Amino acid sequence: MRKAVFPGSFDPFTIGHKDIADRALGIFDHLVIGIGYNIHKSSGDSISERVDHIRDIYKDCNRVTVEAYTGLTVDFARQHGASFIVRGLREVKDFEYERNLADTNAAISDIETIFLTARPELGFVSSSMVRELAANGYDTSRFLPKIKGF
């Protein structure tokens with residue numbers, strides 16, 4: 001079974017997050033949406049309220065698990081037997097941060113990171129992202145195989 005985790009602060013009201021999770025369901029047999037939290041920060045809904053809300057969104061899909069977690073994403077992925085971490089790209093400025101995070105995860109685990117984009121009408125990512133990165137001196141050749149959803 002191909003299983004992936006989608007970690008972070010999944011917010012069903014933020015444009016693009018649900019779209020990225022739904023795209024992941026088109027690729028993987030099971031998706032674990034991990035709501036990461038910092039016990040020293042609080043804002044908006046409680047973690048349990050957010051988890052419950054997202055569970056409600058996917059209540060009719062037995063291929064989705066939603067949990068809160070702390071600690072390293074790779075440890076969370078291992079706990080669930082996931083071989084992939086899904087990271088969402090919604091803006092060009094997110095790319096370098098996400099790529100660095102993916103490199104760190106790869107260095108400490110054998111779990112691959114795959115990048116998915118929001119549909120252009122829901123986010124700010126389009127094929128022009130690659131051109132912009134190249135124009136700013138980035139070697140995009142190593143990223144292209146991992147970018148899906150254009």
# chains A, B, ... in the order shown; residues from 1 in each chain; ligands from 1
>>> select_by_dssp(residues="range 33-109 of chain A", states="strand (DSSP E)", output="PyMOL selection string")
chain A and resi 33-36+64-69+84-89
>>> residues_around(residues="range 69-71 of chain A", least_positions_apart="6", cutoff="10 Å", atoms="only C-alpha atoms", output="list in words")
Pro7, Gly8, Ile33, Gly34, Ile35, Gly36, Tyr37, Asn38, Ile39 and Ile47 of chain A
>>> write_last_selection(atoms="C-alpha atoms", output="compact mmCIF listing (two decimals), in the first residue's frame")
# COMPACT_ATOMS: atom_id res chain seq x y z
CA PRO A 7 2.06 17.26 7.73
CA GLY A 8 1.73 20.78 8.96
CA ILE A 33 -3.10 14.38 7.54
CA GLY A 34 -0.90 15.39 10.45
CA ILE A 35 -1.78 18.52 12.34
CA GLY A 36 1.52 19.63 13.77
CA TYR A 37 1.46 21.84 16.78
CA ASN A 38 3.77 23.65 19.12
CA ILE A 39 2.70 23.39 22.76
CA ILE A 47 -5.78 21.38 17.93
>>> closest_residue(among="A:Ser83, A:Ser46, A:Asn62, A:Thr73", to="Asp110 in chain A", atoms="only C-alpha atoms")
A:Ser83
>>> residues_around(residues="Ala82 in chain A", least_positions_apart="4", cutoff="8 Å", atoms="only C-alpha atoms", output="list in words")
Arg2, Lys3, Ala4, Val5, Ala77, Arg78 and Ile111 of chain A
>>> select_by_dssp(residues="range 20-100 of chain A", states="helix (DSSP H, G or I)", output="MDAnalysis selection string")
chainID A and resid 20:25 47:57 73:79 94:100
>>> atom_distance(atom1="CA of Val51 in chain A", atom2="CA of Met1 in chain A")
24.1 Å
>>> residues_around(residues="range 100-102 of chain A", least_positions_apart="5", cutoff="9 Å", atoms="only C-alpha atoms", output="ChimeraX atom specification")
/A:85,87,95,107,112-114
>>> residues_around(residues="Leu31 in chain A", least_positions_apart="4", cutoff="8 Å", atoms="only C-alpha atoms", output="VMD selection string")
chain A and resid 3 to 6 21 24 to 25 63 to 65
